[in-house]
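Visitor: Let me give you the structure first, and then I'll get to my questions.
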Amino acid sequence: MDDATPASVTSGDQPVAAPAQPPAPRSRRLRSAVTVALVLALSGLMFTANARLARGDDSRHPENLVQLVDRESDRVADLAEQVDALTAEVARLSSTGDAPAGVDPDLAARTAVAAGTTPVTGRGVSVTLDDAPPEGNYPPQIRPDDLVVHQQDIQSVVNALWAGGAEAMTLQGQRVTATSAFRCAGNILLLHGRVYSPPYVVEAVGDPEALRDALDRSPGVQVYKEYVDAVNLGWSVEDEPEIEMPGYQGALELRYARPAGAVAS
């Protein structure tokens with residue numbers, strides 16, 4: 001028989017063709033169908049996720065620096081409210097206890113005022129600094145940077161008030177302590193994790209006359225007043241018969257410091 005001739009069998013007198021390949025088992029066909037369905041389902045989920053990311057739906061991340069600052073400022077404000085509530089509760093519970101043995105209550109009270117941890121009420125002064133109007137008939141040599149309140153301006157006021165005998169102080173309503181640090185970025189103020197815009201208000205409890213004299217003697221304040229006259233920067237000093245100041249709610253530990261004149265390692 002020729003090798004190219006297909007094989008056949010006979011049944012009686014009639015030839016019968018050889019059977020074709022046996023069909024695939026049912027279990028194999030079922031697994032193939034399930035695999036294809038899973039691949040299609042996963043592909044659909046991936047396409048849906050990519051589309052949502054492309055649209056930015058339910059995005060938890062800010063798209064720019066302004067959104068980041070706003071979100072973080074809101075978060076800090078919420079945490080600060082929680083701290084205030086817990087601090088008030090601690091103060092309420094502590095007020096019922098006796099002072100530690102051997103501690104002068106008057107000395108403890110003065111120390112708390114100096115540290116800024118206790119509320120203070122008394123007469124003093126209020127100093128307000130503000131940016132100049134953005135539009136004005138300014139000389140050509142005046143730069144935009146000359147029209148805003150800077151960090152050194154606020155620092156000069158704060159240092160002068162301390163030198164004038166201020167017992168307690170606030171900046172934008174936040175208690176200022178020996179470890180307080182603030183920084184200006186453009187025309188915004190960063191203090192205790194919060195962001196503030198002008199006008200900037202510094203309040204100090206103490207003898208109003210002595211505090212005013214200290215402001216007048218400060219070289220930094222005198223420079224600021226020159227720009228008040230030149231470009232109309234905001235400046236006012238008001239006597240206050242009674243100022244109520246909250247206690248400082250943050251940590252008082254000083255992490256990085258060295259004696260004056262010491263060389264950093």
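Numbering starts fresh at 1 for the residues of each chain in the structure tokens, the chains themselves are lettered A, B, ... in the order given, and ligands are numbered from 1 as they appear.
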Could you pull the residues within 10 Å of Pro199 in chain A, counting only C-alpha atoms, minus those fewer than 4 positions along the same chain, as a ChimeraX atom specification?

Guide: /A:128-131,149,172,187-188,234-235

Visitor: Using only C-alpha atoms, determine which residues lie at most 9 Å from Val237 in chain A, disregarding the query and same-chain residues fewer than 5 positions distant; provide the list as a ChimeraX atom specification.

Guide: /A:125-128,212

Visitor: Using only N, CA and C atoms, please write the residues we just selected to a file, as a PDB file, in the first residue's frame.

Guide:
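Done, and the output landed in out16.pdb:
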ATOM      1  N   VAL A 125       0.799  97.064  75.264  1.00  0.00           N
ATOM      2  CA  VAL A 125       0.697  97.757  73.980  1.00  0.00           C
ATOM      3  C   VAL A 125       0.423  96.743  72.882  1.00  0.00           C
ATOM      4  N   SER A 126      -0.129  97.248  71.790  1.00  0.00           N
ATOM      5  CA  SER A 126      -0.378  96.457  70.588  1.00  0.00           C
ATOM      6  C   SER A 126       0.311  97.152  69.414  1.00  0.00           C
ATOM      7  N   VAL A 127       1.178  96.418  68.714  1.00  0.00           N
ATOM      8  CA  VAL A 127       1.937  96.959  67.576  1.00  0.00           C
ATOM      9  C   VAL A 127       1.465  96.244  66.312  1.00  0.00           C
ATOM     10  N   THR A 128       1.115  97.026  65.284  1.00  0.00           N
ATOM     11  CA  THR A 128       0.638  96.466  64.021  1.00  0.00           C
ATOM     12  C   THR A 128       1.565  96.875  62.883  1.00  0.00           C
ATOM     13  N   ARG A 212       6.934 101.555  74.819  1.00  0.00           N
ATOM     14  CA  ARG A 212       7.031 102.534  73.735  1.00  0.00           C
ATOM     15  C   ARG A 212       8.453 103.095  73.635  1.00  0.00           C
TER      16      ARG A 212
END

Visitor: Of the candidates A:Gln152, A:Thr170, A:Ser73, A:Thr121, which one gets nearest to Ala204 in chain A if we count only C-alpha atoms?

Guide: A:Thr170

Visitor: Give me the residues near range 238-250 of chain A as a PyMOL selection string, where near means some atom within 6 Å (using only C-alpha atoms) and where sequence neighbours in that chain fewer than 5 positions away do not count.

Guide: chain A and resi 116-126+175

Visitor: Export N, CA and C atoms of the chosen residues as a compact mmCIF listing (two decimals), in the first residue's frame?

Guide:
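Output below, filename selection_0.txt:
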# COMPACT_ATOMS: atom_id res chain seq x y z
N GLY A 116 5.83 81.03 79.50
CA GLY A 116 4.72 81.18 78.58
C GLY A 116 3.69 80.09 78.66
N THR A 117 3.73 79.26 79.69
CA THR A 117 2.82 78.12 79.77
C THR A 117 1.51 78.43 80.46
N THR A 118 1.37 79.61 81.01
CA THR A 118 0.14 79.96 81.72
C THR A 118 -0.48 81.21 81.09
N PRO A 119 -1.79 81.31 81.04
CA PRO A 119 -2.43 82.53 80.50
C PRO A 119 -2.07 83.75 81.33
N VAL A 120 -2.04 84.91 80.66
CA VAL A 120 -1.69 86.17 81.31
C VAL A 120 -2.68 87.24 80.90
N THR A 121 -3.05 88.09 81.85
CA THR A 121 -3.92 89.23 81.57
C THR A 121 -3.31 90.48 82.20
N GLY A 122 -3.26 91.57 81.44
CA GLY A 122 -2.70 92.81 81.98
C GLY A 122 -2.66 93.89 80.92
N ARG A 123 -2.26 95.07 81.31
CA ARG A 123 -2.16 96.19 80.37
C ARG A 123 -0.87 96.10 79.59
N GLY A 124 -0.83 96.77 78.45
CA GLY A 124 0.36 96.73 77.61
C GLY A 124 0.16 97.52 76.34
N VAL A 125 0.80 97.06 75.26
CA VAL A 125 0.70 97.76 73.98
C VAL A 125 0.42 96.74 72.88
N SER A 126 -0.13 97.25 71.79
CA SER A 126 -0.38 96.46 70.59
C SER A 126 0.31 97.15 69.41
N ARG A 175 1.12 82.70 71.57
CA ARG A 175 2.05 83.07 72.63
C ARG A 175 3.50 82.89 72.16

Visitor: Could you check which of A:Val223, A:Gln174, A:Glu209, A:Ala168 is closest to Gly193 in chain A, using only C-alpha atoms?

Guide: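 Ranked by minimum distance to Gly193 in chain A, first place goes to A:Gln174.
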
Visitor: Looking at A:Leu79, A:Leu211, A:Val148, A:Leu68, which one is nearest to His192 in chain A, with distances taken over only C-alpha atoms?

Guide: A:Leu79

Visitor: From a DSSP calculation on the backbone, collect every residue of range 156-235 of chain A in alpha helix (DSSP H) and output the set as a PyMOL selection string.

Guide: chain A and resi 156-163+208-217+219-231

Visitor: What does the distance from CA of Gln151 in chain A to CA of Val83 in chain A come to in Å, to one decimal?

Guide: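 Computing the Euclidean distance for CA of Gln151 in chain A and CA of Val83 in chain A yields 27.2 Å.
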
Visitor: Which residue gives the smallest distance to Asn159 in chain A among A:Asp84, A:Arg217, A:Gln141, A:Glu226, with only C-alpha atoms counted?

Guide: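 That would be A:Arg217, the residue with the smallest distance to Asn159 in chain A.
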
Visitor: State, in Å with one decimal place, the distance from CA of Tyr138 in chain A to CA of Ile154 in chain A.

Guide: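 CA of Tyr138 in chain A sits 23.4 Å away from CA of Ile154 in chain A.
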
Visitor: Could you jot down the CA of Val201 in chain A to CA of Met169 in chain A separation for me, Å, one decimal place?

Guide: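 Separating CA of Val201 in chain A from CA of Met169 in chain A is a distance of 10.5 Å.
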
Visitor: Show me, as a ChimeraX atom specification, the residues that have an atom within 6 Å of Ala132 in chain A when counting only C-alpha atoms, minus same-chain residues fewer than 6 positions from it.

Guide: /A:147,232-233

Visitor: Just N, CA and C atoms for this one: save the residues we selected as a CSV table (one decimal), in the first residue's frame.

Guide:
chain,number,residue,atom,x,y,z
A,147,LEU,N,8.2,96.9,49.7
A,147,LEU,CA,6.8,97.2,50.0
A,147,LEU,C,6.1,96.2,51.0
A,232,ASN,N,4.9,104.1,52.7
A,232,ASN,CA,3.6,104.0,53.4
A,232,ASN,C,3.4,102.5,54.0
A,233,LEU,N,4.5,101.9,54.5
A,233,LEU,CA,4.3,100.6,55.2
A,233,LEU,C,3.4,100.9,56.4

Visitor: For Pro144 in chain A, which residue out of A:Gly261, A:Gly186, A:Val221, A:Gly164 is the nearest one, using only C-alpha atoms?

Guide: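 For Pro144 in chain A, the nearest of the candidates is A:Gly186.
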
Visitor: For Leu191 in chain A, which of A:Ser236, A:Asp207, A:Gly173, A:Ser218 is the closest residue, counting only C-alpha atoms?

Guide: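 The shortest atom-to-atom distance to Leu191 in chain A comes from A:Gly173.
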